[in-house]
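Okay, run_11.csv is below, CSV, C-alpha atoms:
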```
chain,number,residue,atom,x,y,z
A,19,MET,CA,-11.1,19.1,-25.7
A,20,ASN,CA,-12.5,22.3,-24.5
A,21,ARG,CA,-15.9,21.7,-26.2
A,22,PHE,CA,-16.0,18.2,-24.7
A,23,ALA,CA,-15.0,19.4,-21.3
A,24,LEU,CA,-17.8,21.9,-21.4
A,25,LEU,CA,-20.4,19.3,-22.4
A,26,PHE,CA,-19.0,17.0,-19.8
A,27,ALA,CA,-19.3,19.7,-17.1
A,28,LEU,CA,-22.9,20.2,-18.1
A,29,PHE,CA,-23.7,16.5,-17.8
A,30,LEU,CA,-21.7,15.8,-14.7
A,31,SER,CA,-21.8,19.0,-12.7
A,32,ALA,CA,-23.8,17.2,-10.1
A,33,SER,CA,-21.3,14.4,-9.6
A,34,ALA,CA,-18.9,14.6,-6.7
A,35,TRP,CA,-16.0,13.9,-9.0
A,36,ALA,CA,-15.1,14.2,-12.6
A,37,GLN,CA,-13.4,12.7,-15.6
A,38,ALA,CA,-12.4,13.9,-19.0
A,39,THR,CA,-13.9,12.5,-22.2
A,40,VAL,CA,-13.8,9.3,-24.3
A,41,GLU,CA,-11.5,8.6,-27.2
A,42,ALA,CA,-11.3,5.9,-30.0
A,43,PRO,CA,-10.5,2.3,-29.2
A,44,PRO,CA,-6.9,1.2,-29.9
A,45,SER,CA,-6.1,-0.6,-33.2
A,46,PHE,CA,-4.7,-4.1,-33.0
A,47,ARG,CA,-1.9,-5.8,-35.0
A,48,ASN,CA,-3.7,-9.1,-35.3
A,49,ASP,CA,-6.6,-11.2,-33.9
A,50,ALA,CA,-4.5,-12.9,-31.3
A,51,GLU,CA,-3.4,-9.6,-29.8
A,52,GLU,CA,-7.0,-8.4,-29.8
A,53,GLN,CA,-8.2,-11.6,-28.2
A,54,ARG,CA,-5.6,-11.4,-25.4
A,55,PHE,CA,-6.2,-7.7,-24.9
A,56,ARG,CA,-10.0,-8.3,-24.5
A,57,ASP,CA,-9.5,-11.2,-22.2
A,58,LEU,CA,-7.1,-9.3,-20.0
A,59,THR,CA,-9.1,-6.1,-19.8
A,60,SER,CA,-12.3,-7.9,-19.0
A,61,GLN,CA,-10.6,-9.4,-16.0
A,62,LEU,CA,-9.8,-6.0,-14.7
A,63,ARG,CA,-12.0,-3.6,-12.9
A,64,CYS,CA,-12.2,0.0,-13.9
A,65,VAL,CA,-11.0,2.2,-11.1
A,66,MET,CA,-13.4,5.0,-12.0
A,67,CYS,CA,-16.7,3.2,-12.7
A,68,GLN,CA,-16.3,0.3,-10.4
A,69,ASN,CA,-19.3,-1.6,-11.7
A,70,GLN,CA,-17.6,-1.9,-15.1
A,71,SER,CA,-14.6,-3.8,-16.4
A,72,LEU,CA,-11.7,-2.0,-17.9
A,73,ALA,CA,-12.8,-3.4,-21.2
A,74,ASP,CA,-16.3,-1.8,-21.0
A,75,SER,CA,-15.7,1.5,-19.3
A,76,ASN,CA,-15.7,4.7,-21.2
A,77,ALA,CA,-14.0,6.7,-18.4
A,78,GLN,CA,-10.9,8.6,-19.5
A,79,ILE,CA,-8.7,6.7,-17.0
A,80,ALA,CA,-9.9,3.4,-18.4
A,81,HIS,CA,-8.9,4.6,-21.8
A,82,ASP,CA,-5.5,5.6,-20.6
A,83,LEU,CA,-5.0,2.3,-18.8
A,84,ARG,CA,-6.1,0.3,-21.9
A,85,ILE,CA,-3.4,2.2,-23.9
A,86,GLU,CA,-0.9,1.4,-21.2
A,87,ILE,CA,-1.8,-2.3,-21.1
A,88,LEU,CA,-1.5,-2.6,-24.9
A,89,ARG,CA,1.9,-0.9,-24.7
A,90,MET,CA,3.0,-3.3,-22.0
A,91,MET,CA,1.7,-6.3,-24.0
A,92,ARG,CA,3.8,-5.1,-27.0
A,93,GLU,CA,6.8,-4.8,-24.7
A,94,GLY,CA,6.4,-8.6,-24.1
A,95,LYS,CA,5.1,-8.3,-20.5
A,96,SER,CA,3.1,-11.3,-19.2
A,97,ASP,CA,-0.5,-11.0,-18.0
A,98,ALA,CA,0.7,-11.5,-14.5
A,99,GLN,CA,3.3,-8.6,-14.8
A,100,ILE,CA,0.6,-6.3,-16.2
A,101,LYS,CA,-1.7,-7.1,-13.3
A,102,GLN,CA,1.1,-6.5,-10.9
A,103,PHE,CA,1.7,-3.1,-12.5
A,104,LEU,CA,-1.9,-2.2,-11.9
A,105,VAL,CA,-2.1,-3.6,-8.3
A,106,GLU,CA,1.0,-1.6,-7.3
A,107,ARG,CA,-0.7,1.6,-8.4
A,108,TYR,CA,-4.4,1.0,-7.8
A,109,THR,CA,-4.4,-1.9,-5.2
A,110,ASP,CA,-6.4,-5.1,-5.4
A,111,PHE,CA,-9.5,-3.1,-6.3
A,112,VAL,CA,-8.5,-3.5,-10.0
A,113,LEU,CA,-8.7,-7.3,-9.8
A,114,TYR,CA,-12.0,-9.2,-10.1
A,115,GLN,CA,-10.2,-12.2,-8.6
A,116,PRO,CA,-7.7,-10.9,-6.1
A,117,GLU,CA,-4.9,-13.0,-4.8
A,118,VAL,CA,-5.7,-15.3,-1.9
A,119,LYS,CA,-3.9,-13.9,1.1
A,120,PRO,CA,-4.9,-13.0,4.7
A,121,MET,CA,-6.4,-9.7,3.6
A,122,THR,CA,-8.8,-11.4,1.2
A,123,TRP,CA,-9.6,-14.6,3.2
A,124,ALA,CA,-13.0,-13.2,4.2
A,125,LEU,CA,-13.7,-12.4,0.6
A,126,TRP,CA,-12.7,-15.8,-0.7
A,127,PHE,CA,-13.9,-18.1,2.1
A,128,GLY,CA,-16.6,-16.0,3.7
A,129,PRO,CA,-19.5,-17.2,1.5
A,130,ALA,CA,-18.6,-20.9,1.9
A,131,LEU,CA,-18.3,-20.3,5.7
A,132,LEU,CA,-21.8,-18.7,5.8
A,133,LEU,CA,-23.2,-21.6,3.8
A,134,LEU,CA,-21.7,-24.0,6.2
A,135,VAL,CA,-23.2,-22.1,9.2
A,136,GLY,CA,-26.6,-22.1,7.4
A,137,ALA,CA,-26.4,-25.8,6.7
A,138,GLY,CA,-25.5,-26.4,10.3
A,139,VAL,CA,-28.5,-24.5,11.5
A,140,VAL,CA,-30.8,-26.4,9.1
A,141,VAL,CA,-29.4,-29.7,10.3
A,142,VAL,CA,-30.0,-28.8,13.9
A,143,VAL,CA,-33.5,-27.7,13.3
A,144,VAL,CA,-34.4,-30.7,11.1
A,145,ARG,CA,-33.0,-33.1,13.7
A,146,LYS,CA,-35.0,-31.5,16.5
A,147,HIS,CA,-38.3,-31.6,14.7
A,148,GLY,CA,-37.5,-35.0,13.2
A,149,THR,CA,-37.0,-36.6,16.7
A,150,LYS,CA,-40.0,-34.8,18.1
A,151,LEU,CA,-42.7,-35.9,15.6
A,152,PRO,CA,-42.7,-39.7,15.9
A,153,ALA,CA,-42.9,-39.3,19.7
A,154,GLY,CA,-46.0,-37.0,19.4
A,155,GLU,CA,-49.6,-37.9,18.9
A,156,PRO,CA,-50.3,-39.6,15.6
A,157,ARG,CA,-51.8,-36.8,13.5
A,158,ASP,CA,-54.6,-36.9,11.0
A,159,LEU,CA,-53.7,-36.2,7.4
A,160,PRO,CA,-55.1,-33.0,6.2
A,161,GLU,CA,-58.3,-33.6,4.3
A,162,ASP,CA,-58.7,-32.6,0.8
A,163,GLU,CA,-61.6,-30.3,0.1
B,16,MET,CA,-39.4,-18.2,27.3
B,17,ILE,CA,-35.7,-17.5,26.3
B,18,ARG,CA,-36.2,-19.8,23.3
B,19,ARG,CA,-39.2,-17.8,22.2
B,20,LEU,CA,-37.2,-14.6,22.4
B,21,LEU,CA,-34.3,-16.1,20.4
B,22,PRO,CA,-35.5,-14.7,17.0
B,23,LEU,CA,-35.8,-11.3,18.6
B,24,PHE,CA,-32.3,-11.4,19.9
B,25,ALA,CA,-31.1,-12.6,16.4
B,26,PHE,CA,-33.0,-9.7,14.9
B,27,LEU,CA,-31.5,-7.1,17.3
B,28,ALA,CA,-28.0,-8.5,16.7
B,29,LEU,CA,-28.4,-8.2,13.0
B,30,ALA,CA,-29.9,-4.7,13.3
B,31,GLY,CA,-27.0,-3.6,15.5
B,32,LEU,CA,-24.5,-4.9,13.0
B,33,LEU,CA,-26.1,-3.2,10.0
B,34,PHE,CA,-26.5,0.1,12.0
B,35,ALA,CA,-22.8,0.0,12.9
B,36,GLY,CA,-21.9,-0.7,9.3
B,37,VAL,CA,-24.0,2.3,8.1
B,38,ARG,CA,-22.5,4.5,10.9
B,39,MET,CA,-19.0,3.6,10.1
B,40,ASN,CA,-19.4,4.4,6.4
B,41,SER,CA,-21.6,7.5,6.5
B,42,GLY,CA,-20.0,10.6,5.1
B,43,LYS,CA,-17.2,8.5,3.6
B,44,ASP,CA,-16.7,8.0,-0.1
B,45,THR,CA,-16.6,4.2,-0.2
B,46,SER,CA,-15.8,4.1,-3.9
B,47,ALA,CA,-12.5,6.0,-3.2
B,48,ILE,CA,-9.5,3.6,-3.7
B,49,PRO,CA,-7.0,3.9,-0.9
B,50,SER,CA,-3.5,4.8,-2.2
B,51,PRO,CA,-1.0,1.9,-2.1
B,52,LEU,CA,1.6,4.7,-2.0
B,53,ILE,CA,0.9,5.7,1.6
B,54,GLY,CA,4.2,5.3,3.6
B,55,LYS,CA,6.2,4.9,0.5
B,56,PRO,CA,8.4,7.3,-1.5
B,57,VAL,CA,6.8,9.3,-4.3
B,58,PRO,CA,7.0,7.5,-7.6
B,59,ALA,CA,9.7,8.4,-10.1
B,60,PHE,CA,8.6,11.2,-12.4
B,61,SER,CA,10.0,14.0,-14.4
B,62,LEU,CA,7.4,16.6,-15.3
B,63,PRO,CA,7.7,20.0,-16.9
B,64,VAL,CA,6.8,23.1,-14.8
B,65,PHE,CA,3.8,25.2,-15.9
B,66,ASP,CA,4.8,28.2,-18.0
B,67,ASP,CA,8.4,27.1,-17.9
B,68,ALA,CA,8.4,23.9,-20.0
B,69,SER,CA,12.2,23.9,-20.3
B,70,ARG,CA,12.4,23.2,-16.6
B,71,LYS,CA,11.6,19.6,-15.5
B,72,LEU,CA,11.2,18.5,-11.9
B,73,SER,CA,11.4,15.2,-10.2
B,74,GLY,CA,10.5,14.1,-6.6
B,75,LYS,CA,14.1,14.9,-5.5
B,76,ASP,CA,13.6,18.6,-6.3
B,77,LEU,CA,10.7,18.9,-3.9
B,78,LEU,CA,12.4,17.4,-0.8
B,79,GLY,CA,13.1,19.5,2.3
B,80,ALA,CA,9.7,20.4,3.5
B,81,PRO,CA,6.2,18.9,3.3
B,82,TYR,CA,4.0,19.8,0.4
B,83,LEU,CA,0.5,19.2,-0.7
B,84,LEU,CA,0.1,17.9,-4.3
B,85,ASN,CA,-3.2,19.0,-5.6
B,86,VAL,CA,-4.3,17.3,-8.8
B,87,TRP,CA,-6.6,19.4,-10.9
B,88,GLY,CA,-7.6,20.2,-14.5
B,89,SER,CA,-9.5,23.1,-16.1
B,90,TRP,CA,-12.0,20.5,-17.4
B,91,CYS,CA,-12.9,19.4,-13.8
B,92,PRO,CA,-15.9,21.1,-12.3
B,93,ASN,CA,-15.2,20.0,-8.7
B,94,CYS,CA,-11.7,21.4,-8.9
B,95,ARG,CA,-13.4,24.8,-9.1
B,96,GLU,CA,-15.4,23.9,-6.0
B,97,GLU,CA,-12.4,23.1,-3.9
B,98,HIS,CA,-10.2,25.9,-5.3
B,99,PRO,CA,-11.1,28.5,-2.6
B,100,VAL,CA,-10.2,26.0,0.1
B,101,ILE,CA,-6.9,25.1,-1.5
B,102,THR,CA,-6.2,28.8,-2.0
B,103,ARG,CA,-6.8,29.6,1.6
B,104,LEU,CA,-4.6,26.7,2.7
B,105,ALA,CA,-1.8,27.9,0.4
B,106,GLN,CA,-2.2,31.5,1.7
B,107,SER,CA,-2.1,30.4,5.3
B,108,GLY,CA,1.6,29.6,4.7
B,109,LYS,CA,1.2,26.3,6.6
B,110,LEU,CA,2.8,24.3,3.8
B,111,ARG,CA,3.7,24.5,0.1
B,112,VAL,CA,0.9,23.7,-2.3
B,113,VAL,CA,2.1,22.2,-5.5
B,114,GLY,CA,-0.4,21.9,-8.4
B,115,TYR,CA,-0.6,18.9,-10.7
B,116,ASP,CA,-2.3,19.9,-14.0
B,117,TYR,CA,-3.8,16.6,-15.1
B,118,LYS,CA,-4.7,16.0,-18.8
B,119,ASP,CA,-5.2,19.6,-19.6
B,120,SER,CA,-4.0,22.0,-22.4
B,121,ALA,CA,-1.7,24.8,-21.3
B,122,GLU,CA,-4.1,27.3,-22.9
B,123,ASP,CA,-7.1,26.0,-20.9
B,124,ALA,CA,-5.1,25.8,-17.7
B,125,ARG,CA,-3.8,29.4,-18.2
B,126,ARG,CA,-7.4,30.7,-18.7
B,127,TRP,CA,-8.7,28.8,-15.7
B,128,LEU,CA,-5.9,30.1,-13.4
B,129,ALA,CA,-6.5,33.7,-14.7
B,130,GLU,CA,-10.1,33.4,-13.8
B,131,PHE,CA,-9.9,31.6,-10.4
B,132,GLY,CA,-6.4,32.6,-9.2
B,133,ASN,CA,-3.2,30.6,-8.9
B,134,PRO,CA,-2.4,29.6,-5.3
B,135,TYR,CA,0.3,27.1,-6.3
B,136,ALA,CA,4.0,27.5,-5.4
B,137,LEU,CA,4.5,25.7,-8.7
B,138,ILE,CA,2.6,23.5,-11.1
B,139,LEU,CA,3.7,20.2,-12.6
B,140,VAL,CA,2.2,19.6,-16.0
B,141,ASP,CA,1.1,16.1,-17.0
B,142,GLU,CA,-0.6,16.6,-20.3
B,143,ASP,CA,-1.0,13.0,-21.4
B,144,GLY,CA,-1.7,11.6,-17.9
B,145,ARG,CA,1.1,8.9,-18.2
B,146,ALA,CA,2.9,9.9,-15.0
B,147,ALA,CA,-0.4,10.1,-13.2
B,148,LEU,CA,-0.7,6.3,-13.5
B,149,ASP,CA,2.4,5.9,-11.4
B,150,TRP,CA,0.8,8.1,-8.8
B,151,GLY,CA,-2.3,6.0,-8.9
B,152,ILE,CA,-4.3,9.0,-9.9
B,153,TYR,CA,-7.6,8.2,-11.6
B,154,GLY,CA,-9.4,11.5,-11.8
B,155,ALA,CA,-9.5,15.0,-10.4
B,156,PRO,CA,-9.5,16.4,-7.9
B,157,GLU,CA,-7.1,14.3,-5.9
B,158,THR,CA,-4.8,15.5,-3.2
B,159,PHE,CA,-1.6,14.0,-1.7
B,160,LEU,CA,0.4,15.1,1.4
B,161,ILE,CA,4.1,14.4,1.0
B,162,ASP,CA,6.6,14.9,3.9
B,163,ALA,CA,10.0,16.5,3.8
B,164,HIS,CA,11.7,13.2,3.0
B,165,GLY,CA,9.5,12.6,0.0
B,166,ILE,CA,7.2,10.0,1.6
B,167,VAL,CA,3.6,10.0,0.7
B,168,ARG,CA,1.6,10.3,4.0
B,169,TRP,CA,-2.0,10.9,3.0
B,170,LYS,CA,-4.3,11.0,0.0
B,171,HIS,CA,-7.7,12.3,-0.5
B,172,VAL,CA,-10.0,11.5,-3.5
B,173,GLY,CA,-12.5,14.2,-4.4
B,174,PRO,CA,-12.8,17.8,-3.5
B,175,VAL,CA,-11.0,19.0,-0.3
B,176,ASP,CA,-13.3,21.0,1.9
B,177,GLU,CA,-12.8,22.9,5.2
B,178,SER,CA,-13.6,19.8,7.3
B,179,VAL,CA,-10.9,17.8,5.4
B,180,VAL,CA,-8.4,20.5,6.1
B,181,ARG,CA,-9.3,20.7,9.8
B,182,ASP,CA,-9.7,17.0,10.5
B,183,GLU,CA,-7.1,15.5,8.3
B,184,ILE,CA,-4.5,17.9,6.8
B,185,GLU,CA,-3.9,20.0,9.9
B,186,PRO,CA,-3.4,17.0,12.3
B,187,TRP,CA,-1.0,15.5,9.8
B,188,LEU,CA,1.0,18.8,9.6
B,189,ALA,CA,1.1,18.9,13.4
B,190,LYS,CA,2.5,15.4,13.4
B,191,LEU,CA,5.1,16.2,10.8
B,192,GLY,CA,6.1,19.3,12.6
B,193,ALA,CA,5.7,21.3,9.5
B,194,ALA,CA,7.1,24.8,8.9
B,195,PRO,CA,7.8,25.7,5.3
```
For the structure just supplied, provide its representation as structure tokens.
Amino acid sequence: MNRFALLFALFLSASAWAQATVEAPPSFRNDAEEQRFRDLTSQLRCVMCQNQSLADSNAQIAHDLRIEILRMMREGKSDAQIKQFLVERYTDFVLYQPEVKPMTWALWFGPALLLLVGAGVVVVVVRKHGTKLPAGEPRDLPEDE
Amino acid sequence: MIRRLLPLFAFLALAGLLFAGVRMNSGKDTSAIPSPLIGKPVPAFSLPVFDDASRKLSGKDLLGAPYLLNVWGSWCPNCREEHPVITRLAQSGKLRVVGYDYKDSAEDARRWLAEFGNPYALILVDEDGRAALDWGIYGAPETFLIDAHGIVRWKHVGPVDESVVRDEIEPWLAKLGAAP
């Protein structure tokens, strides 16, 4: 631990914030358990390295959360219950697909709304030019060189 | 004329929006996860006290006056950086500062405290980091402010510096009417 911590301090002394070191992955009882675990952890976002899923992250906290998730799975908790456990502690940040609620409306519907606005602008522009052209002077086609 | 200037207005509006966005987020750690515990009681825990492992404390034992819970570990370089600030705050007598030794060995922690000083009224020890999950802790340093009734009021992720003490902790203490 101490040796790792030293190494880690060397590597990360410039970062604003730190984590302890990486440990071995958990061992599974059977393939079904492993599959469920992989599916679940890849739907969750690592709280430390937010560009990685919980399944991919090597951060210490991700390791601890994976152990905790496996423990809860073996206790017979459902995926929804496990997600709820994490949201209660680390907020919606941990979910790649947060629940649809007023807080997340902008997130869920914002892109579609922007697309609609964009489409509206395109329609208006096209209409304007479309009605203008036939009324104008008949134009020569560009000549090929 | 107005129509010709339309793209310029659109550009200015967009530039204004982006500028406001940058201004609002500058100097803030946008990756810090806000604590869902704010305004709620501290989570249930029972943790041994440093250098007195037979004694275990829970949230109930810390009621009565506000305290700062400072999460640290001897493995954490930025804890060293904030340590003088935490020490000064503890020595000012404005509030109790409770340490939270996170994922650390007792031996390393003792050595670290001997080297840098121990400003803590007491230190809770969470060697495997299990209780930390209930606190929503995901690294060190992290710092919580808990009021006299055991309600979490404030959390800071990353090192505490003088400006955090001045702009956040002290106003909170004034609001809580704190005297240890």
Quiz item: If you measure from CA of Ile53 in chain B to CA of Ile184 in chain B, what distance in Å do you get, rounded to one decimal?
Solution: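 Computing it gives 14.3 Å between the two atoms.
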Exercise. Determine which residues of chain B sit within 9 Å of chain A, taking into account all atoms listed in the file, and present them as a PyMOL selection string.
Key: chain B and resi 46-52+89-94+118-120+123+143-145+148-156+172-174
Practice problem: Give me, please, the distance in Å between CA of Phe55 in chain A and CA of Ser75 in chain A, quoted to one decimal. | Solution: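 Computing the Euclidean distance for CA of Phe55 in chain A and CA of Ser75 in chain A yields 14.4 Å.
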Quiz item: Smallest atom-to-atom distance to Ala80 in chain B: which of B:Leu110, B:Ala147, B:Arg19, B:Tyr115, using all atoms listed in the file?
Solution: B:Leu110
If we count only C-alpha atoms, what is near Gly79 in chain B at a cut-off of 12 Å, once residues fewer than 2 positions away on the same chain are taken out, given as a PDB file with C-alpha atoms, in the coordinates of the input?
```
ATOM      1  CA  GLY B  74      10.500  14.100  -6.600  1.00  0.00           C
ATOM      2  CA  LYS B  75      14.100  14.900  -5.500  1.00  0.00           C
ATOM      3  CA  ASP B  76      13.600  18.600  -6.300  1.00  0.00           C
ATOM      4  CA  LEU B  77      10.700  18.900  -3.900  1.00  0.00           C
ATOM      5  CA  PRO B  81       6.200  18.900   3.300  1.00  0.00           C
ATOM      6  CA  TYR B  82       4.000  19.800   0.400  1.00  0.00           C
ATOM      7  CA  LEU B 110       2.800  24.300   3.800  1.00  0.00           C
ATOM      8  CA  ARG B 111       3.700  24.500   0.100  1.00  0.00           C
ATOM      9  CA  ILE B 161       4.100  14.400   1.000  1.00  0.00           C
ATOM     10  CA  ASP B 162       6.600  14.900   3.900  1.00  0.00           C
ATOM     11  CA  ALA B 163      10.000  16.500   3.800  1.00  0.00           C
ATOM     12  CA  HIS B 164      11.700  13.200   3.000  1.00  0.00           C
ATOM     13  CA  GLY B 165       9.500  12.600   0.000  1.00  0.00           C
ATOM     14  CA  ILE B 166       7.200  10.000   1.600  1.00  0.00           C
ATOM     15  CA  ALA B 193       5.700  21.300   9.500  1.00  0.00           C
ATOM     16  CA  ALA B 194       7.100  24.800   8.900  1.00  0.00           C
ATOM     17  CA  PRO B 195       7.800  25.700   5.300  1.00  0.00           C
TER      18      PRO B 195
END
```
Self-check item: Distance of CA of Val37 in chain B from CA of Val139 in chain A, expressed in Å to one decimal place
Solution: 27.4 Å
Self-check item: Using only C-alpha atoms: which of A:Leu88, A:Val135, A:Ala98, A:Ala73 has the shortest distance to Ser45 in chain A
Solution: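 The shortest atom-to-atom distance to Ser45 in chain A comes from A:Leu88.
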Quiz prompt | Of the listed residues B:Pro99, B:Gly31, B:Gly108, B:Gly114, that which approaches Asn85 in chain B most closely, counting all atoms listed in the file | solution =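 Among the listed residues, the smallest separation from Asn85 in chain B belongs to B:Gly114.
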Quiz item: Which residue out of A:Pro129, A:Lys101, A:His147, A:Ser96 has the minimum interatomic distance to Tyr114 in chain A when all atoms listed in the file are used?
Solution: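 Among the listed residues, the smallest separation from Tyr114 in chain A belongs to A:Lys101.
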Quiz item: Using only C-alpha atoms, which of A:Leu113, A:Lys95, A:Glu51, A:Val143 sits nearest Leu72 in chain A?
Solution: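 Of A:Leu113, A:Lys95, A:Glu51, A:Val143, the one nearest Leu72 in chain A is A:Leu113, counting only C-alpha atoms.
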Practice problem: Find the residue from B:Leu78, B:Ile17, B:Pro56, B:Glu97 that sits nearest to Ser178 in chain B; use only C-alpha atoms when measuring. | Solution: B:Glu97
